[in-house]
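So this one's data16.pdb, PDB, C-alpha atoms:
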ATOM      1  CA  MET A1236     -17.427  15.180  -5.794
ATOM      2  CA  THR A1237     -17.814  11.411  -5.475
ATOM      3  CA  HIS A1238     -17.184   8.991  -8.285
ATOM      4  CA  GLU A1239     -19.217   5.844  -8.505
ATOM      5  CA  PRO A1240     -16.960   2.874  -9.266
ATOM      6  CA  SER A1241     -17.396   1.211 -12.603
ATOM      7  CA  SER A1242     -18.870  -2.265 -12.791
ATOM      8  CA  PRO A1243     -17.559  -4.937 -15.208
ATOM      9  CA  ASP A1244     -20.376  -4.191 -17.654
ATOM     10  CA  GLY A1245     -19.452  -0.496 -17.681
ATOM     11  CA  ARG A1246     -22.916   0.582 -16.561
ATOM     12  CA  ALA A1247     -22.582   1.733 -12.949
ATOM     13  CA  GLY A1248     -23.012   5.494 -12.775
ATOM     14  CA  TRP A1249     -23.134   5.784 -16.579
ATOM     15  CA  PRO A1250     -25.809   3.338 -17.751
ATOM     16  CA  ASP A1251     -25.421   4.300 -21.406
ATOM     17  CA  LEU A1252     -21.615   4.456 -21.543
ATOM     18  CA  ALA A1253     -21.375   1.053 -23.270
ATOM     19  CA  GLY A1254     -24.218   1.837 -25.680
ATOM     20  CA  ARG A1255     -27.373  -0.257 -25.967
ATOM     21  CA  PHE A1256     -28.802  -3.198 -27.830
ATOM     22  CA  ASP A1257     -31.477  -2.646 -30.457
ATOM     23  CA  GLY A1258     -32.619  -6.211 -31.135
ATOM     24  CA  ASP A1259     -29.517  -8.147 -32.198
ATOM     25  CA  THR A1260     -27.545  -4.988 -32.992
ATOM     26  CA  HIS A1261     -25.377  -3.099 -30.540
ATOM     27  CA  VAL A1262     -25.498   0.698 -30.932
ATOM     28  CA  LEU A1263     -22.698   2.879 -29.560
ATOM     29  CA  PRO A1264     -22.760   6.678 -29.863
ATOM     30  CA  VAL A1265     -19.412   8.283 -30.670
ATOM     31  CA  ARG A1266     -18.630  11.986 -30.970
ATOM     32  CA  VAL A1267     -15.933  13.059 -33.421
ATOM     33  CA  TYR A1268     -13.236  15.117 -31.717
ATOM     34  CA  TYR A1269     -10.453  17.220 -33.205
ATOM     35  CA  GLU A1270      -7.965  14.394 -32.531
ATOM     36  CA  ASP A1271      -9.988  12.100 -34.831
ATOM     37  CA  THR A1272      -9.638  14.392 -37.831
ATOM     38  CA  ASP A1273      -7.040  15.416 -40.361
ATOM     39  CA  PHE A1274      -6.074  19.004 -41.195
ATOM     40  CA  SER A1275      -9.377  19.555 -43.040
ATOM     41  CA  GLY A1276     -11.645  18.597 -40.121
ATOM     42  CA  ILE A1277     -12.636  15.262 -41.715
ATOM     43  CA  VAL A1278     -12.196  11.986 -39.821
ATOM     44  CA  TYR A1279      -8.885  10.423 -40.809
ATOM     45  CA  HIS A1280      -9.473   7.027 -42.440
ATOM     46  CA  ALA A1281      -7.690   5.053 -39.694
ATOM     47  CA  GLY A1282      -9.807   6.797 -37.036
ATOM     48  CA  TYR A1283     -12.784   4.706 -38.065
ATOM     49  CA  LEU A1284     -10.885   1.573 -37.011
ATOM     50  CA  ARG A1285     -10.848   2.882 -33.408
ATOM     51  CA  PHE A1286     -14.595   3.583 -33.552
ATOM     52  CA  LEU A1287     -15.240   0.056 -34.872
ATOM     53  CA  GLU A1288     -13.044  -1.502 -32.156
ATOM     54  CA  ARG A1289     -14.965   0.397 -29.468
ATOM     55  CA  GLY A1290     -18.205  -0.924 -30.934
ATOM     56  CA  ARG A1291     -16.998  -4.534 -30.830
ATOM     57  CA  THR A1292     -15.578  -4.171 -27.315
ATOM     58  CA  ASP A1293     -18.657  -2.484 -25.832
ATOM     59  CA  SER A1294     -20.946  -4.959 -27.580
ATOM     60  CA  LEU A1295     -19.174  -7.787 -25.728
ATOM     61  CA  ARG A1296     -19.097  -5.799 -22.482
ATOM     62  CA  LEU A1297     -22.827  -5.069 -22.602
ATOM     63  CA  ALA A1298     -23.525  -8.743 -23.371
ATOM     64  CA  GLY A1299     -21.730  -9.605 -20.120
ATOM     65  CA  VAL A1300     -18.408 -10.685 -21.619
ATOM     66  CA  GLY A1301     -15.489  -8.807 -20.072
ATOM     67  CA  GLN A1302     -12.370  -9.020 -22.185
ATOM     68  CA  ASN A1303     -10.195  -8.746 -19.064
ATOM     69  CA  GLU A1304     -11.696 -11.998 -17.806
ATOM     70  CA  LEU A1305     -11.305 -13.640 -21.220
ATOM     71  CA  HIS A1306      -7.663 -12.550 -21.460
ATOM     72  CA  ALA A1307      -6.930 -13.808 -17.934
ATOM     73  CA  GLY A1308      -3.675 -11.885 -17.722
ATOM     74  CA  GLY A1309      -2.562 -12.987 -21.182
ATOM     75  CA  GLU A1310      -3.187 -16.679 -20.516
ATOM     76  CA  GLY A1311      -6.792 -16.860 -21.712
ATOM     77  CA  LEU A1312      -8.790 -16.350 -24.865
ATOM     78  CA  ILE A1313      -8.229 -13.311 -27.048
ATOM     79  CA  PHE A1314      -9.975 -12.153 -30.183
ATOM     80  CA  ALA A1315      -7.688 -11.015 -32.999
ATOM     81  CA  VAL A1316      -8.848  -9.332 -36.189
ATOM     82  CA  ARG A1317      -7.919 -11.681 -39.010
ATOM     83  CA  ARG A1318      -9.489  -9.751 -41.873
ATOM     84  CA  LEU A1319     -11.304  -6.463 -42.174
ATOM     85  CA  THR A1320     -13.088  -5.190 -45.266
ATOM     86  CA  ILE A1321     -14.078  -1.552 -45.033
ATOM     87  CA  ASP A1322     -15.951   0.812 -47.346
ATOM     88  CA  TYR A1323     -15.931   4.561 -46.840
ATOM     89  CA  HIS A1324     -19.222   6.006 -48.087
ATOM     90  CA  ARG A1325     -19.227   9.580 -46.787
ATOM     91  CA  PRO A1326     -16.913  11.718 -44.658
ATOM     92  CA  ALA A1327     -17.590  12.336 -40.982
ATOM     93  CA  LEU A1328     -16.712  15.762 -39.618
ATOM     94  CA  MET A1329     -15.492  17.226 -36.366
ATOM     95  CA  ASP A1330     -18.323  17.409 -33.777
ATOM     96  CA  ASP A1331     -20.512  14.879 -35.628
ATOM     97  CA  VAL A1332     -22.303  12.383 -33.431
ATOM     98  CA  LEU A1333     -22.054   8.951 -34.999
ATOM     99  CA  GLU A1334     -23.628   5.581 -34.245
ATOM    100  CA  VAL A1335     -21.440   2.498 -34.425
ATOM    101  CA  ARG A1336     -23.771  -0.431 -35.126
ATOM    102  CA  THR A1337     -22.344  -3.906 -34.454
ATOM    103  CA  ARG A1338     -23.989  -7.255 -35.185
ATOM    104  CA  THR A1339     -22.605 -10.797 -35.166
ATOM    105  CA  GLU A1340     -23.211 -12.303 -38.601
ATOM    106  CA  ASP A1341     -21.761 -15.785 -38.194
ATOM    107  CA  VAL A1342     -20.047 -17.816 -35.480
ATOM    108  CA  ARG A1343     -17.867 -20.728 -36.568
ATOM    109  CA  GLY A1344     -15.518 -23.054 -34.731
ATOM    110  CA  ALA A1345     -12.663 -20.674 -33.943
ATOM    111  CA  SER A1346     -13.855 -17.493 -35.651
ATOM    112  CA  LEU A1347     -16.751 -15.138 -36.117
ATOM    113  CA  VAL A1348     -17.835 -12.546 -38.651
ATOM    114  CA  ILE A1349     -19.063  -9.196 -37.374
ATOM    115  CA  ALA A1350     -20.957  -6.693 -39.536
ATOM    116  CA  GLN A1351     -20.414  -3.084 -38.508
ATOM    117  CA  ARG A1352     -21.854   0.168 -39.778
ATOM    118  CA  ILE A1353     -21.155   3.752 -38.776
ATOM    119  CA  LEU A1354     -24.018   6.157 -39.357
ATOM    120  CA  ARG A1355     -24.701   9.854 -38.886
ATOM    121  CA  GLY A1356     -28.438  10.101 -38.431
ATOM    122  CA  GLY A1357     -29.707   7.681 -41.047
ATOM    123  CA  GLU A1358     -26.780   8.334 -43.398
ATOM    124  CA  LEU A1359     -24.260   5.517 -43.934
ATOM    125  CA  ILE A1360     -20.697   6.746 -43.368
ATOM    126  CA  VAL A1361     -18.695   3.489 -43.164
ATOM    127  CA  SER A1362     -19.486  -0.209 -43.561
ATOM    128  CA  ALA A1363     -17.130  -2.964 -42.445
ATOM    129  CA  ASP A1364     -17.117  -6.736 -42.202
ATOM    130  CA  VAL A1365     -14.669  -8.108 -39.672
ATOM    131  CA  ARG A1366     -13.474 -11.717 -39.326
ATOM    132  CA  VAL A1367     -12.177 -12.291 -35.808
ATOM    133  CA  ALA A1368     -10.198 -15.351 -34.706
ATOM    134  CA  ALA A1369     -10.300 -16.834 -31.200
ATOM    135  CA  ILE A1370      -6.751 -17.461 -29.985
ATOM    136  CA  ALA A1371      -5.264 -18.929 -26.813
ATOM    137  CA  GLY A1372      -1.586 -19.623 -26.259
ATOM    138  CA  GLY A1373      -0.808 -18.199 -29.686
ATOM    139  CA  ARG A1374      -2.997 -20.751 -31.503
ATOM    140  CA  PRO A1375      -6.558 -20.747 -32.838
ATOM    141  CA  VAL A1376      -9.025 -22.344 -30.416
ATOM    142  CA  ARG A1377     -12.669 -23.296 -30.582
ATOM    143  CA  ILE A1378     -14.966 -20.660 -29.116
ATOM    144  CA  PRO A1379     -16.402 -22.092 -25.861
ATOM    145  CA  ASP A1380     -20.090 -23.039 -26.093
ATOM    146  CA  ALA A1381     -21.256 -20.546 -23.436
ATOM    147  CA  LEU A1382     -19.472 -17.700 -25.230
ATOM    148  CA  ARG A1383     -20.781 -18.954 -28.579
ATOM    149  CA  ARG A1384     -24.364 -18.674 -27.275
ATOM    150  CA  VAL A1385     -23.736 -15.075 -26.134
ATOM    151  CA  LEU A1386     -22.193 -14.153 -29.485
ATOM    152  CA  GLN A1387     -25.131 -15.666 -31.348
ATOM    153  CA  GLY A1388     -27.568 -13.803 -29.120
ATOM    154  CA  SER A1389     -29.173 -17.003 -27.853
ATOM    155  CA  ASP A1390     -28.094 -16.723 -24.223
TER     156      ASP A1390
END

Before we go any further, please render this structure as structure tokens.
Amino acid sequence: MTHEPSSPDGRAGWPDLAGRFDGDTHVLPVRVYYEDTDFSGIVYHAGYLRFLERGRTDSLRLAGVGQNELHAGGEGLIFAVRRLTIDYHRPALMDDVLEVRTRTEDVRGASLVIAQRILRGGELIVSADVRVAAIAGGRPVRIPDALRRVLQGSD
């Protein structure tokens, strides 16, 4: 069996692995596994944070922004969650297939606000608003213009 190497955008061999864009919203399918649940078969509350992180990461990846290149071995730009507001609307269960929907709401000097929703079919499971800070060398930095255009969906 041969394995096709992965490309930086995560698409080689698995074109849908990083999800897809639906207009200005990134959509990532996620299946709930046993490891995501508590003893009752319901997704443990902190498990949703991993699903949301995957949505943000794959949204950037699919937009052509590789976090490895941004990080530059720890010397470059990183995004750090500064604040996260989350609402749990309904429980997700083992074997559910969820959609993590990610959209950039606002891009400011050194931060951005990302609106995220997790749905099962058309049913809202979780909603979250995430403020992310751009940091380099341990300090907040202005988001570079080229990256700003990508984040705003105008590139």

Original post:
At a cut-off of 6 Å from (-25.9, -0.1, -35.8) in the coordinates of the file, what residues are picked up using all atoms listed in the file, written as a list in words?
Top reply: Thr1260, Val1262, Val1335, Arg1336, Thr1337 and Arg1352 of chain A

Subject >> Atom pair atom CA of A:Arg1366 / atom CA of A:His1324: separation (Å) >> reply: 20.6 Å

Subject >> Output of the PyMOL selection byres ((chain A and resi 1342) around 10), listed as JSON, numbers by chain >> reply: {"A": [1339, 1340, 1341, 1343, 1344, 1345, 1346, 1347, 1348, 1349, 1366, 1367, 1378, 1383, 1384, 1386, 1387]}

Subject >> Selection result for the PyMOL selection byres ((chain A and resi 1332) around 6) on this file, as an NGL selection string >> reply: :A and (1265-1266 or 1331 or 1333)

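Among the candidate residues A:Tyr1283, A:Tyr1268, A:Tyr1323, A:Phe1274, the one lying nearest to A:Glu1358 is A:Tyr1323, with distances computed using only C-alpha atoms.
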
Subject >> Distance criterion (only C-alpha atoms): nearest to A:Arg1355 out of A:Glu1270, A:Asp1330, A:Asp1259, A:Asp1380 >> reply: A:Asp1330

Original post:
Selected by the PyMOL selection byres ((chain A and resi 1278) around 9) in the shown coordinates: which residues, as a list in words?
Top reply: Val1267, Tyr1268, Tyr1269, Glu1270, Asp1271, Thr1272, Asp1273, Ser1275, Gly1276, Ile1277, Tyr1279, His1280, Ala1281, Gly1282, Tyr1283, Pro1326, Ala1327, Leu1328 and Met1329 of chain A

Close residues, A:Gln1302 itself excluded, 9 Å, only C-alpha atoms, min 5 positions apart in chain, as a CSV table (one decimal) with C-alpha atoms, keeping the file's coordinate frame:
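File around06.csv, as written:
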chain,number,residue,atom,x,y,z
A,1292,THR,CA,-15.6,-4.2,-27.3
A,1295,LEU,CA,-19.2,-7.8,-25.7
A,1296,ARG,CA,-19.1,-5.8,-22.5
A,1307,ALA,CA,-6.9,-13.8,-17.9
A,1312,LEU,CA,-8.8,-16.4,-24.9
A,1313,ILE,CA,-8.2,-13.3,-27.0
A,1314,PHE,CA,-10.0,-12.2,-30.2

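For the pair atom CA of A:Ser1362 and atom CA of A:Arg1374, the separation is 29.0 Å.
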
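When all atoms listed in the file are used to measure the gap to A:Ile1353, the shortest distance among A:Ile1321, A:Val1316, A:Leu1252, A:Ala1298 belongs to A:Ile1321.
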
Original post:
Any idea what the distance is between atom CA of A:His1261 and atom CA of A:Glu1334?
Top reply: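 A separation of 9.6 Å between them.
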
Original post:
Between A:Ala1381, A:Gly1373, A:Ile1360, A:Leu1305, which one has atoms that come closest to A:Arg1325, using only C-alpha atoms?
Top reply: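 When distances to A:Arg1325 are compared using only C-alpha atoms, the smallest one comes from A:Ile1360.
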
Subject >> Selected residue of minimal separation from A:Arg1289 among A:Pro1264, A:Gly1258, A:Pro1375, A:Gly1356, counting all atoms listed in the file >> reply: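 Using all atoms listed in the file, the shortest distance to A:Arg1289 belongs to A:Pro1264.
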
**OP:** Rank nothing, just name the residue among A:Asp1251, A:Ala1363, A:Gly1388, A:Val1376 nearest to A:Thr1320, using only C-alpha atoms.
**Re:** A:Ala1363

Original post:
A:His1306: which residues within 12 Å, counting all atoms listed in the file, same-chain residues fewer than 3 positions away excluded, as a ChimeraX atom specification?
Top reply: /A:1300-1303,1309-1315,1369-1372
